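Raw contents of structure-v9.txt, compact mmCIF, N, CA and C atoms:
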# COMPACT_ATOMS: atom_id res chain seq x y z
N MET G 176 15.32 50.25 4.93
CA MET G 176 13.97 50.79 4.90
C MET G 176 13.21 50.29 6.12
N ALA G 177 12.46 51.15 6.77
CA ALA G 177 11.73 50.78 7.97
C ALA G 177 10.53 49.91 7.63
N ASP G 178 10.24 48.99 8.53
CA ASP G 178 9.06 48.14 8.40
C ASP G 178 7.92 48.83 9.14
N HIS G 179 6.89 49.25 8.41
CA HIS G 179 5.81 50.03 9.01
C HIS G 179 4.61 49.19 9.42
N ARG G 180 4.65 47.88 9.22
CA ARG G 180 3.51 47.05 9.57
C ARG G 180 3.22 47.18 11.05
N ASN G 181 1.94 47.37 11.37
CA ASN G 181 1.46 47.52 12.74
C ASN G 181 2.08 48.70 13.46
N GLY G 182 2.63 49.66 12.72
CA GLY G 182 3.20 50.84 13.35
C GLY G 182 4.33 50.48 14.29
N SER G 183 5.11 49.47 13.95
CA SER G 183 6.06 48.91 14.90
C SER G 183 7.44 49.54 14.90
N THR G 184 7.70 50.46 13.99
CA THR G 184 9.02 51.06 13.96
C THR G 184 8.94 52.54 13.69
N GLN G 185 10.03 53.21 13.95
CA GLN G 185 10.09 54.63 13.68
C GLN G 185 10.18 54.87 12.19
N ALA G 186 9.63 55.97 11.74
CA ALA G 186 9.68 56.30 10.32
C ALA G 186 11.12 56.47 9.88
N ALA G 187 11.39 56.08 8.66
CA ALA G 187 12.74 56.15 8.12
C ALA G 187 13.15 57.57 7.76
N ASN G 188 12.21 58.52 7.78
CA ASN G 188 12.52 59.87 7.33
C ASN G 188 13.27 60.69 8.36
N GLY G 189 13.36 60.23 9.61
CA GLY G 189 14.10 60.93 10.64
C GLY G 189 13.43 62.20 11.12
N LYS G 190 12.18 62.41 10.81
CA LYS G 190 11.46 63.60 11.23
C LYS G 190 11.22 63.56 12.74
N ALA G 191 10.97 64.71 13.33
CA ALA G 191 10.69 64.78 14.75
C ALA G 191 9.44 63.99 15.07
N SER G 192 9.41 63.35 16.22
CA SER G 192 8.28 62.52 16.62
C SER G 192 7.12 63.34 17.10
N ALA G 193 5.93 62.81 16.92
CA ALA G 193 4.71 63.45 17.41
C ALA G 193 4.51 63.10 18.87
N ALA G 194 4.21 64.10 19.68
CA ALA G 194 3.85 63.93 21.09
C ALA G 194 4.87 63.07 21.84
N GLY G 195 6.13 63.16 21.47
CA GLY G 195 7.18 62.44 22.18
C GLY G 195 7.17 60.94 21.94
N SER G 196 6.41 60.46 20.99
CA SER G 196 6.37 59.03 20.72
C SER G 196 7.50 58.65 19.78
N ALA G 197 7.66 57.37 19.56
CA ALA G 197 8.71 56.89 18.65
C ALA G 197 8.27 56.92 17.20
N TYR G 198 7.06 57.38 16.93
CA TYR G 198 6.51 57.38 15.58
C TYR G 198 6.46 58.80 15.03
N ALA G 199 6.75 58.93 13.75
CA ALA G 199 6.69 60.24 13.10
C ALA G 199 6.04 60.08 11.74
N ILE G 200 5.08 60.93 11.47
CA ILE G 200 4.41 60.92 10.17
C ILE G 200 5.08 61.97 9.32
N ASP G 201 5.47 61.62 8.11
CA ASP G 201 6.09 62.56 7.18
C ASP G 201 5.00 63.51 6.70
N LEU G 202 5.02 64.74 7.19
CA LEU G 202 3.95 65.68 6.92
C LEU G 202 3.90 66.12 5.46
N ASN G 203 5.04 66.23 4.80
CA ASN G 203 5.05 66.60 3.38
C ASN G 203 4.39 65.52 2.53
N THR G 204 4.73 64.27 2.81
CA THR G 204 4.12 63.16 2.08
C THR G 204 2.63 63.10 2.38
N PHE G 205 2.27 63.27 3.64
CA PHE G 205 0.85 63.27 4.03
C PHE G 205 0.07 64.33 3.26
N GLN G 206 0.59 65.55 3.20
CA GLN G 206 -0.10 66.63 2.48
C GLN G 206 -0.27 66.30 1.01
N THR G 207 0.79 65.84 0.38
CA THR G 207 0.75 65.51 -1.04
C THR G 207 -0.28 64.42 -1.32
N ARG G 208 -0.27 63.39 -0.51
CA ARG G 208 -1.17 62.26 -0.74
C ARG G 208 -2.62 62.60 -0.38
N LEU G 209 -2.81 63.43 0.64
CA LEU G 209 -4.17 63.84 0.98
C LEU G 209 -4.76 64.69 -0.15
N LYS G 210 -3.94 65.57 -0.73
CA LYS G 210 -4.39 66.36 -1.89
C LYS G 210 -4.78 65.43 -3.04
N THR G 211 -3.95 64.43 -3.30
CA THR G 211 -4.22 63.47 -4.37
C THR G 211 -5.54 62.73 -4.11
N PHE G 212 -5.75 62.29 -2.89
CA PHE G 212 -6.97 61.57 -2.52
C PHE G 212 -8.20 62.44 -2.76
N TYR G 213 -8.18 63.67 -2.23
CA TYR G 213 -9.33 64.56 -2.39
C TYR G 213 -9.54 64.97 -3.84
N LYS G 214 -8.45 65.18 -4.58
CA LYS G 214 -8.57 65.54 -5.99
C LYS G 214 -9.23 64.40 -6.77
N HIS G 215 -8.80 63.17 -6.52
CA HIS G 215 -9.39 62.02 -7.19
C HIS G 215 -10.86 61.87 -6.84
N TRP G 216 -11.18 62.07 -5.57
CA TRP G 216 -12.57 61.99 -5.12
C TRP G 216 -13.42 63.04 -5.82
N ASP G 217 -12.90 64.26 -5.92
CA ASP G 217 -13.63 65.34 -6.60
C ASP G 217 -13.83 65.05 -8.09
N GLU G 218 -12.76 64.65 -8.75
CA GLU G 218 -12.81 64.46 -10.20
C GLU G 218 -13.58 63.21 -10.62
N SER G 219 -13.60 62.19 -9.77
CA SER G 219 -14.24 60.92 -10.15
C SER G 219 -15.40 60.57 -9.23
N ARG G 220 -15.96 61.56 -8.60
CA ARG G 220 -17.00 61.33 -7.59
C ARG G 220 -18.17 60.52 -8.13
N THR G 221 -18.65 60.87 -9.28
CA THR G 221 -19.80 60.17 -9.85
C THR G 221 -19.41 58.82 -10.44
N ASP G 222 -18.34 58.80 -11.20
CA ASP G 222 -17.94 57.58 -11.91
C ASP G 222 -17.43 56.47 -10.99
N LEU G 223 -16.56 56.83 -10.03
CA LEU G 223 -15.89 55.81 -9.23
C LEU G 223 -16.31 55.77 -7.76
N TRP G 224 -16.86 56.85 -7.26
CA TRP G 224 -17.17 56.93 -5.83
C TRP G 224 -18.67 56.91 -5.56
N GLY G 225 -19.48 56.64 -6.54
CA GLY G 225 -20.92 56.52 -6.34
C GLY G 225 -21.57 57.79 -5.81
N SER G 226 -21.04 58.95 -6.18
CA SER G 226 -21.56 60.25 -5.74
C SER G 226 -21.60 60.37 -4.22
N SER G 227 -20.68 59.72 -3.55
CA SER G 227 -20.67 59.70 -2.08
C SER G 227 -20.30 61.06 -1.49
N ASP G 228 -20.93 61.35 -0.35
CA ASP G 228 -20.61 62.56 0.41
C ASP G 228 -19.59 62.27 1.50
N ALA G 229 -19.36 61.00 1.77
CA ALA G 229 -18.40 60.59 2.79
C ALA G 229 -17.79 59.25 2.40
N ILE G 230 -16.55 59.04 2.84
CA ILE G 230 -15.86 57.78 2.60
C ILE G 230 -15.36 57.29 3.95
N ALA G 231 -15.75 56.09 4.34
CA ALA G 231 -15.33 55.50 5.61
C ALA G 231 -14.35 54.36 5.34
N VAL G 232 -13.27 54.36 6.10
CA VAL G 232 -12.26 53.32 5.96
C VAL G 232 -11.94 52.80 7.36
N ALA G 233 -12.11 51.50 7.55
CA ALA G 233 -11.87 50.88 8.86
C ALA G 233 -10.74 49.88 8.77
N CYS G 234 -9.84 49.93 9.73
CA CYS G 234 -8.77 48.94 9.85
C CYS G 234 -9.04 48.11 11.09
N PRO G 235 -9.20 46.82 10.92
CA PRO G 235 -9.45 45.94 12.06
C PRO G 235 -8.16 45.65 12.82
N PRO G 236 -8.24 44.88 13.89
CA PRO G 236 -7.00 44.43 14.55
C PRO G 236 -6.13 43.67 13.55
N PRO G 237 -4.83 43.61 13.78
CA PRO G 237 -3.95 42.89 12.86
C PRO G 237 -4.43 41.46 12.65
N SER G 238 -4.46 41.05 11.38
CA SER G 238 -4.86 39.68 11.05
C SER G 238 -4.34 39.33 9.67
N GLU G 239 -4.53 38.10 9.31
CA GLU G 239 -4.14 37.64 7.98
C GLU G 239 -5.33 37.67 7.02
N ASP G 240 -6.44 38.24 7.43
CA ASP G 240 -7.66 38.30 6.62
C ASP G 240 -7.44 39.23 5.44
N LEU G 241 -7.48 38.70 4.25
CA LEU G 241 -7.17 39.45 3.04
C LEU G 241 -8.21 40.51 2.70
N ARG G 242 -9.41 40.44 3.29
CA ARG G 242 -10.46 41.42 2.98
C ARG G 242 -10.07 42.83 3.39
N TYR G 243 -9.13 42.99 4.32
CA TYR G 243 -8.82 44.30 4.85
C TYR G 243 -7.51 44.88 4.32
N LEU G 244 -6.91 44.24 3.33
CA LEU G 244 -5.64 44.75 2.81
C LEU G 244 -5.77 46.13 2.18
N LYS G 245 -6.90 46.44 1.55
CA LYS G 245 -7.08 47.75 0.94
C LYS G 245 -7.15 48.84 1.99
N SER G 246 -7.84 48.56 3.10
CA SER G 246 -7.90 49.54 4.19
C SER G 246 -6.52 49.79 4.76
N THR G 247 -5.81 48.71 5.00
CA THR G 247 -4.45 48.83 5.53
C THR G 247 -3.55 49.58 4.56
N ALA G 248 -3.70 49.28 3.28
CA ALA G 248 -2.89 49.95 2.26
C ALA G 248 -3.14 51.46 2.25
N LEU G 249 -4.39 51.88 2.40
CA LEU G 249 -4.70 53.31 2.42
C LEU G 249 -4.04 53.99 3.61
N PHE G 250 -4.11 53.37 4.78
CA PHE G 250 -3.47 53.94 5.97
C PHE G 250 -1.96 54.04 5.76
N LEU G 251 -1.36 52.98 5.23
CA LEU G 251 0.09 53.01 4.97
C LEU G 251 0.46 54.08 3.96
N TRP G 252 -0.29 54.17 2.90
CA TRP G 252 -0.01 55.15 1.85
C TRP G 252 -0.16 56.58 2.37
N LEU G 253 -1.21 56.84 3.10
CA LEU G 253 -1.50 58.19 3.56
C LEU G 253 -0.64 58.61 4.74
N LEU G 254 -0.46 57.73 5.71
CA LEU G 254 0.19 58.10 6.97
C LEU G 254 1.57 57.48 7.18
N GLY G 255 1.88 56.44 6.42
CA GLY G 255 3.18 55.79 6.59
C GLY G 255 3.18 54.68 7.62
N PHE G 256 2.05 54.43 8.25
CA PHE G 256 1.92 53.39 9.27
C PHE G 256 0.56 52.74 9.17
N GLU G 257 0.48 51.50 9.62
CA GLU G 257 -0.81 50.88 9.84
C GLU G 257 -1.38 51.48 11.12
N PHE G 258 -2.66 51.63 11.16
CA PHE G 258 -3.32 52.06 12.39
C PHE G 258 -4.44 51.06 12.67
N PRO G 259 -4.08 49.87 13.22
CA PRO G 259 -5.10 48.86 13.50
C PRO G 259 -6.15 49.40 14.47
N GLU G 260 -7.35 48.89 14.34
CA GLU G 260 -8.47 49.26 15.20
C GLU G 260 -8.75 50.77 15.13
N THR G 261 -8.69 51.29 13.91
CA THR G 261 -8.92 52.72 13.68
C THR G 261 -9.90 52.88 12.52
N ILE G 262 -10.76 53.87 12.65
CA ILE G 262 -11.73 54.19 11.59
C ILE G 262 -11.52 55.64 11.17
N MET G 263 -11.45 55.87 9.86
CA MET G 263 -11.36 57.23 9.32
C MET G 263 -12.58 57.47 8.44
N VAL G 264 -13.24 58.61 8.64
CA VAL G 264 -14.37 58.99 7.81
C VAL G 264 -14.02 60.33 7.17
N PHE G 265 -13.90 60.32 5.85
CA PHE G 265 -13.55 61.51 5.09
C PHE G 265 -14.83 62.20 4.63
N THR G 266 -14.96 63.49 4.86
CA THR G 266 -16.02 64.30 4.29
C THR G 266 -15.34 65.49 3.61
N LYS G 267 -16.11 66.31 2.96
CA LYS G 267 -15.51 67.47 2.29
C LYS G 267 -14.96 68.51 3.27
N ALA G 268 -15.50 68.56 4.48
CA ALA G 268 -15.08 69.58 5.45
C ALA G 268 -14.24 69.02 6.60
N GLN G 269 -14.36 67.72 6.86
CA GLN G 269 -13.69 67.14 8.02
C GLN G 269 -13.24 65.71 7.74
N ILE G 270 -12.26 65.29 8.53
CA ILE G 270 -11.87 63.89 8.59
C ILE G 270 -12.04 63.48 10.05
N HIS G 271 -12.95 62.55 10.29
CA HIS G 271 -13.17 62.04 11.64
C HIS G 271 -12.36 60.77 11.80
N ILE G 272 -11.64 60.67 12.91
CA ILE G 272 -10.82 59.50 13.17
C ILE G 272 -11.15 58.97 14.55
N LEU G 273 -11.56 57.70 14.61
CA LEU G 273 -11.82 57.02 15.87
C LEU G 273 -10.66 56.09 16.14
N CYS G 274 -9.95 56.31 17.26
CA CYS G 274 -8.75 55.53 17.54
C CYS G 274 -8.43 55.56 19.04
N SER G 275 -7.37 54.87 19.40
CA SER G 275 -6.92 54.86 20.79
C SER G 275 -6.24 56.19 21.14
N GLN G 276 -6.03 56.42 22.41
CA GLN G 276 -5.37 57.64 22.87
C GLN G 276 -3.95 57.76 22.29
N LYS G 277 -3.24 56.65 22.26
CA LYS G 277 -1.86 56.66 21.74
C LYS G 277 -1.84 57.07 20.26
N LYS G 278 -2.75 56.50 19.49
CA LYS G 278 -2.80 56.84 18.07
C LYS G 278 -3.26 58.28 17.87
N ALA G 279 -4.18 58.74 18.72
CA ALA G 279 -4.64 60.13 18.63
C ALA G 279 -3.50 61.09 18.87
N SER G 280 -2.62 60.78 19.82
CA SER G 280 -1.49 61.67 20.09
C SER G 280 -0.53 61.72 18.90
N ILE G 281 -0.40 60.63 18.17
CA ILE G 281 0.43 60.62 16.97
C ILE G 281 -0.25 61.42 15.86
N LEU G 282 -1.56 61.26 15.72
CA LEU G 282 -2.30 61.92 14.64
C LEU G 282 -2.51 63.42 14.87
N GLU G 283 -2.29 63.90 16.07
CA GLU G 283 -2.37 65.34 16.35
C GLU G 283 -1.48 66.13 15.39
N SER G 284 -0.35 65.53 15.03
CA SER G 284 0.63 66.23 14.20
C SER G 284 0.15 66.52 12.79
N VAL G 285 -0.90 65.84 12.31
CA VAL G 285 -1.35 66.04 10.94
C VAL G 285 -2.50 67.05 10.82
N LYS G 286 -3.01 67.53 11.94
CA LYS G 286 -4.15 68.45 11.90
C LYS G 286 -3.87 69.69 11.06
N LYS G 287 -2.77 70.36 11.33
CA LYS G 287 -2.42 71.58 10.62
C LYS G 287 -2.17 71.30 9.13
N SER G 288 -1.49 70.20 8.84
CA SER G 288 -1.19 69.84 7.46
C SER G 288 -2.45 69.58 6.65
N ALA G 289 -3.44 68.94 7.26
CA ALA G 289 -4.70 68.67 6.56
C ALA G 289 -5.43 69.96 6.25
N LYS G 290 -5.43 70.88 7.19
CA LYS G 290 -6.10 72.17 7.00
C LYS G 290 -5.41 72.96 5.88
N GLU G 291 -4.08 72.96 5.91
CA GLU G 291 -3.31 73.70 4.90
C GLU G 291 -3.42 73.09 3.51
N SER G 292 -3.44 71.78 3.40
CA SER G 292 -3.38 71.15 2.09
C SER G 292 -4.73 71.07 1.39
N VAL G 293 -5.80 70.72 2.11
CA VAL G 293 -7.10 70.57 1.45
C VAL G 293 -8.23 71.29 2.19
N GLY G 294 -7.90 72.01 3.24
CA GLY G 294 -8.91 72.79 3.95
C GLY G 294 -9.87 71.99 4.81
N VAL G 295 -9.47 70.80 5.24
CA VAL G 295 -10.33 69.99 6.10
C VAL G 295 -9.82 70.00 7.54
N GLU G 296 -10.75 69.90 8.45
CA GLU G 296 -10.43 69.81 9.87
C GLU G 296 -10.37 68.33 10.25
N ILE G 297 -9.36 67.97 11.02
CA ILE G 297 -9.30 66.61 11.54
C ILE G 297 -9.90 66.61 12.94
N VAL G 298 -10.88 65.74 13.12
CA VAL G 298 -11.55 65.60 14.42
C VAL G 298 -11.20 64.22 14.96
N LEU G 299 -10.51 64.20 16.09
CA LEU G 299 -10.10 62.94 16.70
C LEU G 299 -11.10 62.52 17.77
N HIS G 300 -11.51 61.27 17.70
CA HIS G 300 -12.42 60.69 18.68
C HIS G 300 -11.66 59.55 19.37
N VAL G 301 -11.39 59.69 20.65
CA VAL G 301 -10.64 58.67 21.37
C VAL G 301 -11.61 57.65 21.94
N LYS G 302 -11.36 56.39 21.58
CA LYS G 302 -12.24 55.34 22.08
C LYS G 302 -11.71 54.85 23.42
N PRO G 303 -12.62 54.48 24.30
CA PRO G 303 -12.18 53.97 25.61
C PRO G 303 -11.52 52.60 25.45
N LYS G 304 -10.69 52.25 26.41
CA LYS G 304 -10.04 50.93 26.37
C LYS G 304 -11.10 49.86 26.53
N ASN G 305 -10.92 48.77 25.78
CA ASN G 305 -11.83 47.62 25.77
C ASN G 305 -13.21 48.05 25.41
Starting from the coordinates I provided, produce the structure as structure tokens.
Amino acid sequence: MADHRNGSTQAANGKASAAGSAYAIDLNTFQTRLKTFYKHWDESRTDLWGSSDAIAVACPPPSEDLRYLKSTALFLWLLGFEFPETIMVFTKAQIHILCSQKKASILESVKKSAKESVGVEIVLHVKPKN
């Protein structure tokens, strides 16, 4: 089984890589889990999500700080990799992702899947170096 911590290895599924990189996101798993996430948000919006219109999830640089394990877990569950120094903001119509150019090139592959599975547009925002 591949070790996905810090996005350090190729996915074990053998799928074609995004943008010629060594990383591949399993699009079928991504679609299924994104549907599950949005369904849960819709069904439990008032009870568990505080009637929120948006959900922001930030992953800091790699560290041993236990406060960020839930953020890291969501990225791993949804995408199959950690995406350190990345922020995702989920809304009903869009998912905004702030990340590096390298991560943006990997995430390009999920745009169509997100639109097909839950009807949201993925908007990538590339942050400058440093």
Can you pull out every residue within 12 Å of Cys234 in chain G, counting only C-alpha atoms, but drop anything in the same chain fewer than 6 positions away, and send it as a ChimeraX atom specification?
/G:181,240-251,256-264,272-274
So how many Å separate CA of Asn203 in chain G and CA of Leu223 in chain G, to one decimal?
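A separation of 26.7 Å between them.
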Spatial neighbours of Ala268 in chain G, max dist 12 Å, only C-alpha atoms, sep filter under 2 positions, as a list in words
Tyr213, Asp228, Ala229, Val264, Phe265, Thr266, Ile270, His271, Ala289, Lys290, Val293, Gly294, Val295, Glu296, Ile297 and Val298 of chain G
Dump of N, CA and C atoms for the selected residues, as a PDB file, in the coordinates of the input:
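Result file out.pdb:
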ATOM      1  N   TYR G 213      -8.180  63.670  -2.230  1.00  0.00           N
ATOM      2  CA  TYR G 213      -9.330  64.560  -2.390  1.00  0.00           C
ATOM      3  C   TYR G 213      -9.540  64.970  -3.840  1.00  0.00           C
ATOM      4  N   ASP G 228     -20.930  61.350  -0.350  1.00  0.00           N
ATOM      5  CA  ASP G 228     -20.610  62.560   0.410  1.00  0.00           C
ATOM      6  C   ASP G 228     -19.590  62.270   1.500  1.00  0.00           C
ATOM      7  N   ALA G 229     -19.360  61.000   1.770  1.00  0.00           N
ATOM      8  CA  ALA G 229     -18.400  60.590   2.790  1.00  0.00           C
ATOM      9  C   ALA G 229     -17.790  59.250   2.400  1.00  0.00           C
ATOM     10  N   VAL G 264     -13.240  58.610   8.640  1.00  0.00           N
ATOM     11  CA  VAL G 264     -14.370  58.990   7.810  1.00  0.00           C
ATOM     12  C   VAL G 264     -14.020  60.330   7.170  1.00  0.00           C
ATOM     13  N   PHE G 265     -13.900  60.320   5.850  1.00  0.00           N
ATOM     14  CA  PHE G 265     -13.550  61.510   5.090  1.00  0.00           C
ATOM     15  C   PHE G 265     -14.830  62.200   4.630  1.00  0.00           C
ATOM     16  N   THR G 266     -14.960  63.490   4.860  1.00  0.00           N
ATOM     17  CA  THR G 266     -16.020  64.300   4.290  1.00  0.00           C
ATOM     18  C   THR G 266     -15.340  65.490   3.610  1.00  0.00           C
ATOM     19  N   ILE G 270     -12.260  65.290   8.530  1.00  0.00           N
ATOM     20  CA  ILE G 270     -11.870  63.890   8.590  1.00  0.00           C
ATOM     21  C   ILE G 270     -12.040  63.480  10.050  1.00  0.00           C
ATOM     22  N   HIS G 271     -12.950  62.550  10.290  1.00  0.00           N
ATOM     23  CA  HIS G 271     -13.170  62.040  11.640  1.00  0.00           C
ATOM     24  C   HIS G 271     -12.360  60.770  11.800  1.00  0.00           C
ATOM     25  N   ALA G 289      -3.440  68.940   7.260  1.00  0.00           N
ATOM     26  CA  ALA G 289      -4.700  68.670   6.560  1.00  0.00           C
ATOM     27  C   ALA G 289      -5.430  69.960   6.250  1.00  0.00           C
ATOM     28  N   LYS G 290      -5.430  70.880   7.190  1.00  0.00           N
ATOM     29  CA  LYS G 290      -6.100  72.170   7.000  1.00  0.00           C
ATOM     30  C   LYS G 290      -5.410  72.960   5.880  1.00  0.00           C
ATOM     31  N   VAL G 293      -5.800  70.720   2.110  1.00  0.00           N
ATOM     32  CA  VAL G 293      -7.100  70.570   1.450  1.00  0.00           C
ATOM     33  C   VAL G 293      -8.230  71.290   2.190  1.00  0.00           C
ATOM     34  N   GLY G 294      -7.900  72.010   3.240  1.00  0.00           N
ATOM     35  CA  GLY G 294      -8.910  72.790   3.950  1.00  0.00           C
ATOM     36  C   GLY G 294      -9.870  71.990   4.810  1.00  0.00           C
ATOM     37  N   VAL G 295      -9.470  70.800   5.240  1.00  0.00           N
ATOM     38  CA  VAL G 295     -10.330  69.990   6.100  1.00  0.00           C
ATOM     39  C   VAL G 295      -9.820  70.000   7.540  1.00  0.00           C
ATOM     40  N   GLU G 296     -10.750  69.900   8.450  1.00  0.00           N
ATOM     41  CA  GLU G 296     -10.430  69.810   9.870  1.00  0.00           C
ATOM     42  C   GLU G 296     -10.370  68.330  10.250  1.00  0.00           C
ATOM     43  N   ILE G 297      -9.360  67.970  11.020  1.00  0.00           N
ATOM     44  CA  ILE G 297      -9.300  66.610  11.540  1.00  0.00           C
ATOM     45  C   ILE G 297      -9.900  66.610  12.940  1.00  0.00           C
ATOM     46  N   VAL G 298     -10.880  65.740  13.120  1.00  0.00           N
ATOM     47  CA  VAL G 298     -11.550  65.600  14.420  1.00  0.00           C
ATOM     48  C   VAL G 298     -11.200  64.220  14.960  1.00  0.00           C
TER      49      VAL G 298
END
Please, what distance in Å, to one decimal, runs between atom N of Ser288 in chain G and atom N of Thr211 in chain G?
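Atom N of Ser288 in chain G sits 13.7 Å away from atom N of Thr211 in chain G.
Across the model, the gap from CA of Leu254 in chain G to CA of Ile281 in chain G is 10.3 Å.
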As a ChimeraX atom specification, list the residues of range 178-295 of chain G assigned to strand (DSSP E or B) by DSSP on the backbone atoms of this structure.
/G:229-234,261-266,269-274
Write out as a PyMOL selection string the set of residues from range 189-297 of chain G that DSSP, computed on the backbone, places in helix (DSSP H, G or I).
chain G and resi 193-195+202-218+241-254+276-293
